[in-house]
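Source file coords13.cif; content: mmCIF, C-alpha atoms, pLDDT in the B column; chains and numbers go by the auth columns.
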```cif
data_data
#
loop_
_atom_site.group_PDB
_atom_site.id
_atom_site.type_symbol
_atom_site.label_atom_id
_atom_site.label_comp_id
_atom_site.label_asym_id
_atom_site.label_seq_id
_atom_site.Cartn_x
_atom_site.Cartn_y
_atom_site.Cartn_z
_atom_site.B_iso_or_equiv
_atom_site.auth_seq_id
_atom_site.auth_asym_id
ATOM 1 C CA PRO A 1 25.341 -5.901 -10.577 74.00 5 A
ATOM 2 C CA ALA A 2 27.615 -5.396 -13.586 81.00 6 A
ATOM 3 C CA PHE A 3 24.629 -5.766 -15.924 82.00 7 A
ATOM 4 C CA VAL A 4 21.938 -4.038 -13.850 86.00 8 A
ATOM 5 C CA LEU A 5 23.803 -0.937 -12.622 90.00 9 A
ATOM 6 C CA PRO A 6 24.528 0.528 -16.083 89.00 10 A
ATOM 7 C CA GLN A 7 20.911 -0.070 -17.062 89.00 11 A
ATOM 8 C CA LEU A 8 19.685 1.652 -13.907 90.00 12 A
ATOM 9 C CA LEU A 9 21.918 4.645 -14.589 90.00 13 A
ATOM 10 C CA LEU A 10 21.027 4.906 -18.292 91.00 14 A
ATOM 11 C CA CYS A 11 17.301 4.038 -18.345 90.00 15 A
ATOM 12 C CA GLY A 12 16.173 7.594 -17.627 88.00 16 A
ATOM 13 C CA LEU A 13 15.220 7.074 -13.997 88.00 17 A
ATOM 14 C CA LEU A 14 17.886 9.323 -12.500 89.00 18 A
ATOM 15 C CA VAL A 15 18.677 11.570 -15.489 89.00 19 A
ATOM 16 C CA GLU A 16 16.398 12.202 -18.442 89.00 20 A
ATOM 17 C CA ARG A 17 17.709 10.443 -21.535 88.00 21 A
ATOM 18 C CA PHE A 18 17.576 13.580 -23.691 89.00 22 A
ATOM 19 C CA ALA A 19 19.928 15.302 -21.186 92.00 23 A
ATOM 20 C CA MET A 20 22.600 12.594 -21.552 91.00 24 A
ATOM 21 C CA ALA A 21 25.554 12.764 -23.894 92.00 25 A
ATOM 22 C CA ARG A 22 24.662 11.400 -27.333 93.00 26 A
ATOM 23 C CA PRO A 23 26.703 8.150 -27.021 93.00 27 A
ATOM 24 C CA LEU A 24 25.060 7.350 -23.672 91.00 28 A
ATOM 25 C CA GLU A 25 21.641 8.112 -25.128 91.00 29 A
ATOM 26 C CA LEU A 26 22.314 5.673 -27.986 92.00 30 A
ATOM 27 C CA VAL A 27 23.429 2.950 -25.574 91.00 31 A
ATOM 28 C CA SER A 28 20.368 3.497 -23.395 90.00 32 A
ATOM 29 C CA GLY A 29 18.147 2.928 -26.428 88.00 33 A
ATOM 30 C CA VAL A 30 19.116 -0.745 -26.592 88.00 34 A
ATOM 31 C CA LEU A 31 18.927 -1.592 -22.885 88.00 35 A
ATOM 32 C CA PRO A 32 15.884 -3.586 -21.712 87.00 36 A
ATOM 33 C CA LEU A 33 15.296 -1.542 -18.562 88.00 37 A
ATOM 34 C CA THR A 34 14.813 1.572 -20.697 89.00 38 A
ATOM 35 C CA TYR A 35 11.750 0.042 -22.351 87.00 39 A
ATOM 36 C CA ALA A 36 10.307 -1.077 -19.020 88.00 40 A
ATOM 37 C CA TYR A 37 10.859 2.380 -17.528 88.00 41 A
ATOM 38 C CA ASP A 38 9.302 4.114 -20.533 87.00 42 A
ATOM 39 C CA ALA A 39 6.215 1.894 -20.338 86.00 43 A
ATOM 40 C CA LEU A 40 5.761 2.429 -16.602 86.00 44 A
ATOM 41 C CA ASN A 41 6.419 6.150 -16.865 86.00 45 A
ATOM 42 C CA GLY A 42 3.906 6.524 -19.692 85.00 46 A
ATOM 43 C CA VAL A 43 1.175 4.679 -17.808 84.00 47 A
ATOM 44 C CA ALA A 44 1.874 6.590 -14.593 86.00 48 A
ATOM 45 C CA THR A 45 1.887 10.068 -16.145 87.00 49 A
ATOM 46 C CA ARG A 46 -0.908 9.873 -18.742 83.00 50 A
ATOM 47 C CA PRO A 47 -4.424 8.527 -18.503 84.00 51 A
ATOM 48 C CA GLY A 48 -5.083 5.486 -20.635 79.00 52 A
ATOM 49 C CA VAL A 49 -2.637 3.299 -22.490 80.00 53 A
ATOM 50 C CA GLU A 50 -1.173 4.515 -25.756 81.00 54 A
ATOM 51 C CA ARG A 51 0.476 2.601 -28.566 86.00 55 A
ATOM 52 C CA GLY A 52 3.967 3.588 -27.374 83.00 56 A
ATOM 53 C CA GLU A 53 3.428 2.045 -23.962 85.00 57 A
ATOM 54 C CA LEU A 54 2.120 -1.158 -25.535 88.00 58 A
ATOM 55 C CA LEU A 55 5.194 -1.346 -27.764 89.00 59 A
ATOM 56 C CA ASP A 56 7.520 -0.799 -24.788 87.00 60 A
ATOM 57 C CA LEU A 57 5.655 -3.432 -22.788 87.00 61 A
ATOM 58 C CA GLY A 58 5.821 -5.886 -25.681 90.00 62 A
ATOM 59 C CA ILE A 59 9.571 -5.377 -26.052 88.00 63 A
ATOM 60 C CA SER A 60 10.059 -5.835 -22.294 87.00 64 A
ATOM 61 C CA VAL A 61 8.051 -9.075 -22.287 90.00 65 A
ATOM 62 C CA ALA A 62 9.857 -10.388 -25.365 92.00 66 A
ATOM 63 C CA LEU A 63 13.258 -9.677 -23.817 88.00 67 A
ATOM 64 C CA ALA A 64 12.191 -11.376 -20.570 89.00 68 A
ATOM 65 C CA VAL A 65 11.120 -14.478 -22.503 94.00 69 A
ATOM 66 C CA VAL A 66 14.410 -14.548 -24.421 92.00 70 A
ATOM 67 C CA VAL A 67 16.415 -14.259 -21.194 88.00 71 A
ATOM 68 C CA LEU A 68 14.389 -17.011 -19.517 92.00 72 A
ATOM 69 C CA ILE A 69 14.819 -19.333 -22.501 94.00 73 A
ATOM 70 C CA ALA A 70 18.553 -18.612 -22.642 91.00 74 A
ATOM 71 C CA GLY A 71 18.861 -19.254 -18.917 89.00 75 A
ATOM 72 C CA ALA A 72 16.948 -22.514 -19.139 88.00 76 A
ATOM 73 C CA ALA A 73 19.013 -23.646 -22.115 89.00 77 A
ATOM 74 C CA THR A 74 22.305 -23.038 -20.327 88.00 78 A
ATOM 75 C CA LEU A 75 21.449 -24.719 -17.015 84.00 79 A
ATOM 76 C CA ARG A 76 22.803 -28.176 -16.412 80.00 80 A
ATOM 77 C CA ARG A 77 20.239 -30.861 -15.975 76.00 81 A
ATOM 78 C CA ARG A 78 20.878 -33.217 -13.090 76.00 82 A
ATOM 79 C CA THR A 79 19.113 -36.514 -12.927 73.00 83 A
ATOM 80 C CA PRO A 80 19.090 -38.307 -9.572 69.00 84 A
#
```
Entire entry expressed as structure tokens:
Amino acid sequence: PAFVLPQLLLCGLLVERFAMARPLELVSGVLPLTYAYDALNGVATRPGVERGELLDLGISVALAVVVLIAGAATLRRRTP
């Protein structure tokens, strides 16, 4: 919750990012959920897929892979 709630509040879902204070807008630009929201919003509001949505989707997938690799690397391995 401590990692997801700030992302949910700053991704642009509840308040448009351009309406946020400048420091919050800068922080939201580096959060992974912002890229996922931008990609989904772009696909839902415009016909076809544009380059911006593909870039946002690529960043979201890359971040998911990095998080999965980091999680797998930090788990303890138990052998029976």
For range 10-27 of chain A, find every residue with an atom within 7 Å (counting only C-alpha atoms), except residues of its own chain fewer than 4 positions away, and show them as JSON, numbers by chain. {"A": [31, 32, 35, 37, 38, 41]}
How would the residues just chosen look if you wrote them out with C-alpha atoms as a compact mmCIF listing (two decimals), in the coordinates of the input?
```txt
# COMPACT_ATOMS: atom_id res chain seq x y z
CA VAL A 31 23.43 2.95 -25.57
CA SER A 32 20.37 3.50 -23.40
CA LEU A 35 18.93 -1.59 -22.88
CA LEU A 37 15.30 -1.54 -18.56
CA THR A 38 14.81 1.57 -20.70
CA TYR A 41 10.86 2.38 -17.53
```
Please measure the separation of CA of Leu28 in chain A and CA of Ile63 in chain A, giving the value in Å to one decimal.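 Taking CA of Leu28 in chain A and CA of Ile63 in chain A, their separation equals 20.2 Å.
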Given 6 Å on each side, where is the centre and what are the edge lengths in Å to one decimal of the axis-aligned box enclosing the listed atoms of range 6-16 of chain A, as lines of an AutoDock Vina configuration file?
```
center_x = 21.9
center_y = 0.9
center_z = -15.5
size_x = 23.4
size_y = 25.4
size_z = 17.7
```
Please identify all polymer residues within 12 Å of Val65 in chain A, counting only C-alpha atoms, omitting same-chain residues fewer than 4 positions from it, and present them as a list of chain:residue names. A:Pro36, A:Leu37, A:Tyr39, A:Ala40, A:Ala43, A:Leu58, A:Leu59, A:Asp60, A:Leu61, A:Val69, A:Val70, A:Val71, A:Leu72
Output for the residues just chosen: C-alpha atoms as an mmCIF file, in the frame of the given file:
```cif
data_model
loop_
_atom_site.group_PDB
_atom_site.id
_atom_site.type_symbol
_atom_site.label_atom_id
_atom_site.label_comp_id
_atom_site.auth_asym_id
_atom_site.auth_seq_id
_atom_site.Cartn_x
_atom_site.Cartn_y
_atom_site.Cartn_z
ATOM 1 C CA PRO A 36 15.884 -3.586 -21.712
ATOM 2 C CA LEU A 37 15.296 -1.542 -18.562
ATOM 3 C CA TYR A 39 11.750 0.042 -22.351
ATOM 4 C CA ALA A 40 10.307 -1.077 -19.020
ATOM 5 C CA ALA A 43 6.215 1.894 -20.338
ATOM 6 C CA LEU A 58 2.120 -1.158 -25.535
ATOM 7 C CA LEU A 59 5.194 -1.346 -27.764
ATOM 8 C CA ASP A 60 7.520 -0.799 -24.788
ATOM 9 C CA LEU A 61 5.655 -3.432 -22.788
ATOM 10 C CA VAL A 69 11.120 -14.478 -22.503
ATOM 11 C CA VAL A 70 14.410 -14.548 -24.421
ATOM 12 C CA VAL A 71 16.415 -14.259 -21.194
ATOM 13 C CA LEU A 72 14.389 -17.011 -19.517
#
```
To one decimal place, how far is CA of Val34 in chain A from CA of Ser64 in chain A in Å?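 Answer for the CA of Val34 in chain A to CA of Ser64 in chain A separation: 11.2 Å.
Counting from CA of Ala68 in chain A, the distance to CA of Asp42 in chain A is 15.8 Å.
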